[in-house]
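> The structure follows.
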Amino acid sequence: MDFTISEQLQTLREQTRRFIAEQVIPLENDVRQGSHGPDEQLKQELVARARKAGLLTPHAAPEWGGLGLSHVAKAIVFEEAGYSPLGPIAMNIHAPDEGNIHLLEAVATPAQKRRWLQPLAEGRTRSCFAMTEPAPGAGSDPSMIATTAVRDGDDYIINGRKWFITGAEGAAFAIIMARMEDGSASMFLCDTDRPGFIVERMMDALDTCFSGGHAVLRFENLRVPASDVLGELGKGFRYAQVRLAPARLTHCMRWLGQARRAHDIACVYARERQSFGKALGEHQGVGFMLADNEMDMHATRLAIWHCAALLDTGAKGNVESSMAKVISSEALWRVVDRSVQVLGGQGVTGETIVARIFRDMRAFRIYDGPNEVHRMSLARKILARHGHEQGGGHGA
């Protein structure tokens, strides 16, 4: 596998790095952000800066104003954007919009693209993806979806509840997953100002890096025209995989940037802070943690790039993205945790951004499927493969 970075991509990486350093990091302490992310005014200011820099929505196709980045190119650019918690928001590559843009490009009709994708790609609107439900509905097991969609003339009537829906507050539209009368699942595009679309309440979470926070939604006889079905009826689960495999990987890319930021801050502190007659980093206990950080980030980057290269061939990459997600979320958590330890008191206060990254990072092992579910899925595939090999006469 050739991981050589082209001159054009190297230039784009440096351009992104400068943009984050000069245009985004100075706004990290802006008062226009709270427990549910930056407010709309700050978000639009960030987007305007990225637009001026030519870095807005770089993953979208050129016809929608993007750069049409490959998955490997995204791995490089998204890592640089993730160096600041505000970077993905500025460049319009944050969750859930980044994954929704990918899904709409792949599945939506031309009319749906003009109506919903174009303003989203231009950074003029936000969206949400409404699949997860409170018990007894769908959580880690999407087959348990309890939200229903029933045909009524030229419309569908949707009823149910969703929760932990990222970005719902202030979103212009939602992609809703609902169960059909025949037991299959479909996706629906819905403007959030429709009667029956209710933001029930906001949920306080450890992280503060997502525009619109996380919300509980309720649908009460929500009427959606049949023309707003996304893709084909009954293929909701298939489309979920179209969205989730690449979106799972882009989470890894962005979080790698944040972990690198925490590590860089810890390295500077370890060089400058004196302890027992020498620099803190010269003590093996600290130096070894920095070395382990470098190795964890290197392994993570290789896992991401390998999966990205596979996706670029047109492969589904579901297994590889699951492995990359588990490897990344656990390795990067260790990186940030060690960085807090190296910084000592600085690491558990607001004196640096590391404490904020630490809080945001913890959720990564849960988002896009808890790591235990990915392990369970991988284990089933391993056992099935082993059984096939045994059946083929390769056993002892």
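Simple scheme: letters A, B, ... for chains in structure tokens order, numbers from 1 for residues in each chain, numbers from 1 for ligands in the order shown.
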I'd like the contact shell of Thr4 in chain A - 12 Å cut-off, only C-alpha atoms, skipping same-chain residues fewer than 2 positions apart - returned as number ranges by chain.

A: 1-2, 6-10, 72-73, 76, 305, 309

> When you look at Leu69 in chain A with a cut-off of 10 Å (counting only C-alpha atoms), what residues show up, excluding the ones that are within fewer than 5 positions of it in the same chain? I need them as JSON, numbers by chain.

{"A": [9, 57, 58, 59, 60, 61, 62, 74, 75, 77]}

> With N, CA and C atoms kept, could you save the residues just selected as a PDB file, in the first residue's frame?


```pdb
ATOM      1  N   LEU A   9      -1.327  17.389  -1.790  1.00  0.00           N
ATOM      2  CA  LEU A   9      -1.913  17.072  -0.490  1.00  0.00           C
ATOM      3  C   LEU A   9      -1.050  17.622   0.647  1.00  0.00           C
ATOM      4  N   THR A  57     -15.968  22.575   3.852  1.00  0.00           N
ATOM      5  CA  THR A  57     -16.545  21.311   3.377  1.00  0.00           C
ATOM      6  C   THR A  57     -15.651  20.631   2.339  1.00  0.00           C
ATOM      7  N   PRO A  58     -14.378  20.403   2.643  1.00  0.00           N
ATOM      8  CA  PRO A  58     -13.462  19.877   1.619  1.00  0.00           C
ATOM      9  C   PRO A  58     -13.779  18.457   1.180  1.00  0.00           C
ATOM     10  N   HIS A  59     -14.554  17.711   1.986  1.00  0.00           N
ATOM     11  CA  HIS A  59     -14.853  16.323   1.628  1.00  0.00           C
ATOM     12  C   HIS A  59     -15.980  16.212   0.598  1.00  0.00           C
ATOM     13  N   ALA A  60     -16.780  17.275   0.435  1.00  0.00           N
ATOM     14  CA  ALA A  60     -17.899  17.221  -0.514  1.00  0.00           C
ATOM     15  C   ALA A  60     -17.387  17.255  -1.952  1.00  0.00           C
ATOM     16  N   ALA A  61     -18.223  16.801  -2.851  1.00  0.00           N
ATOM     17  CA  ALA A  61     -17.874  16.813  -4.274  1.00  0.00           C
ATOM     18  C   ALA A  61     -17.732  18.259  -4.756  1.00  0.00           C
ATOM     19  N   PRO A  62     -16.905  18.489  -5.766  1.00  0.00           N
ATOM     20  CA  PRO A  62     -16.723  19.858  -6.284  1.00  0.00           C
ATOM     21  C   PRO A  62     -18.026  20.527  -6.710  1.00  0.00           C
ATOM     22  N   LYS A  74      -8.784  12.737   3.278  1.00  0.00           N
ATOM     23  CA  LYS A  74      -9.549  13.164   4.448  1.00  0.00           C
ATOM     24  C   LYS A  74      -8.799  12.834   5.735  1.00  0.00           C
ATOM     25  N   ALA A  75      -8.152  11.669   5.780  1.00  0.00           N
ATOM     26  CA  ALA A  75      -7.420  11.280   6.981  1.00  0.00           C
ATOM     27  C   ALA A  75      -6.371  12.323   7.347  1.00  0.00           C
ATOM     28  N   VAL A  77      -6.241  15.667   6.202  1.00  0.00           N
ATOM     29  CA  VAL A  77      -6.822  16.992   6.430  1.00  0.00           C
ATOM     30  C   VAL A  77      -7.650  17.017   7.713  1.00  0.00           C
TER      31      VAL A  77
END
```

> As a PyMOL selection string, please: every residue in range 142-286 of chain A that a backbone DSSP assignment puts in strand (DSSP E or B).

chain A and resi 148-152+155-166+173-179+185-191+197-203+214-225+229-230+274-275+278-279

> When you look at Glu232 in chain A with a cut-off of 9 Å (counting only C-alpha atoms), what residues show up, excluding the ones that are within fewer than 4 positions of it in the same chain? I need them as a list in words.

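My reading of the contact set: Val107, Ser186, Met187 and Gly236 of chain A.
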
> I need the chosen residues saved as a JSON list (two decimals), in the first residue's frame, with C-alpha atoms.


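Result written to part_30.json:
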```json
[["chain", "number", "residue", "atom", "x", "y", "z"],
["A", 107, "VAL", "CA", -28.46, 8.29, -1.96],
["A", 186, "SER", "CA", -36.56, 3.43, 5.93],
["A", 187, "MET", "CA", -34.99, 6.87, 6.14],
["A", 236, "GLY", "CA", -32.74, 2.03, 5.87]]
```

> So, counting only C-alpha atoms, which residue among A:Leu244, A:Gly167, A:Ser328, A:Asp312 is closest to Ser70 in chain A?

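For Ser70 in chain A, the nearest of the given residues is A:Asp312.
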
> For Val373 in chain A, which residue among A:Leu104, A:Ser140, A:Cys307, A:Ser184 is the nearest when counting only C-alpha atoms?

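Nearest candidate to Val373 in chain A out of A:Leu104, A:Ser140, A:Cys307, A:Ser184: A:Ser140.
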
> Write out as a count of residues only which residues come within 8 Å of Val199 in chain A when counting only C-alpha atoms, dropping same-chain ones fewer than 3 positions away.

7

> So how many Å separate CA of Ser211 in chain A and CA of Asp368 in chain A, to one decimal?

17.2 Å

> When you look at Thr132 in chain A with a cut-off of 12 Å (counting only C-alpha atoms), what residues show up, excluding the ones that are within fewer than 3 positions of it in the same chain? I need them as a ChimeraX atom specification.

/A:128-129,135-147,160-166,175-178,214-217,240,367-369

> Just the helix (DSSP H, G or I) stuff from range 309-378 of chain A, please, per backbone DSSP, written as a VMD selection string.

chain A and resid 309 to 312 318 to 348 354 to 365 371 to 378

> Would you list the contacts of Thr125 in chain A as number ranges by chain, taking every protein, DNA or RNA residue within 8 Å and counting only C-alpha atoms, but skipping same-chain residues closer than 5 positions in sequence?

A: 119-120, 171-172

> Which of these residues is nearest to Ser275 in chain A, using only C-alpha atoms: A:Leu222, A:Leu383, A:Val342, A:Ile101?

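Answer, going by the shortest atom-to-atom distance: A:Val342.
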
> Give me, please, the distance in Å between CA of Asp97 in chain A and CA of Arg126 in chain A, quoted to one decimal.

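CA of Asp97 in chain A sits 6.6 Å away from CA of Arg126 in chain A.
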
> Using only C-alpha atoms, can you tell me which of A:Lys316, A:Arg17, A:Arg51, A:Arg243 comes closest to Ala106 in chain A?

A:Arg243

> CA of Thr208 in chain A and CA of Glu80 in chain A are how many Å apart?

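Value for the CA of Thr208 in chain A-CA of Glu80 in chain A distance: 19.3 Å.
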
> Report as a list in words all protein, DNA and RNA residues lying within 10 Å of Gly123 in chain A, evaluated on only C-alpha atoms, omitting residues in the same chain fewer than 5 positions from it.

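Contacts, in chain order: Lys43, Gln44, Val47, Ala48, Ala50, Arg51, Leu56, Thr57, Ile89, Ala90, Met91, Asn92, Ile93, Asp97, Leu117 and Gln118 of chain A.
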
> Could you take the residues named above and write them with C-alpha atoms, as a PDB file, in the first residue's frame?


```
ATOM      1  CA  LYS A  43     -20.327  28.824  14.320  1.00  0.00           C
ATOM      2  CA  GLN A  44     -21.088  31.134  11.414  1.00  0.00           C
ATOM      3  CA  VAL A  47     -17.516  28.908   8.816  1.00  0.00           C
ATOM      4  CA  ALA A  48     -16.928  32.304   7.213  1.00  0.00           C
ATOM      5  CA  ALA A  50     -12.979  28.596   6.508  1.00  0.00           C
ATOM      6  CA  ARG A  51     -14.877  29.729   3.428  1.00  0.00           C
ATOM      7  CA  LEU A  56     -15.027  24.790   3.737  1.00  0.00           C
ATOM      8  CA  THR A  57     -16.545  21.311   3.377  1.00  0.00           C
ATOM      9  CA  ILE A  89     -17.019  22.978  13.026  1.00  0.00           C
ATOM     10  CA  ALA A  90     -15.199  25.741  11.148  1.00  0.00           C
ATOM     11  CA  MET A  91     -14.486  23.507   8.151  1.00  0.00           C
ATOM     12  CA  ASN A  92     -17.978  21.931   8.176  1.00  0.00           C
ATOM     13  CA  ILE A  93     -16.587  18.441   8.664  1.00  0.00           C
ATOM     14  CA  ASP A  97     -23.146  16.872   9.187  1.00  0.00           C
ATOM     15  CA  LEU A 117     -27.515  18.947   0.580  1.00  0.00           C
ATOM     16  CA  GLN A 118     -26.601  22.229  -1.103  1.00  0.00           C
TER      17      GLN A 118
END
```

> Which one of A:Glu40, A:Asp30, A:Glu98, A:Glu22 sits closest to Phe78 in chain A if you count only C-alpha atoms?

A:Glu98

> Could you tell me which of A:Met289, A:Leu302, A:Cys209, A:Val326 comes closest to Ile357 in chain A if we count only C-alpha atoms?

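Nearest candidate to Ile357 in chain A out of A:Met289, A:Leu302, A:Cys209, A:Val326: A:Cys209.
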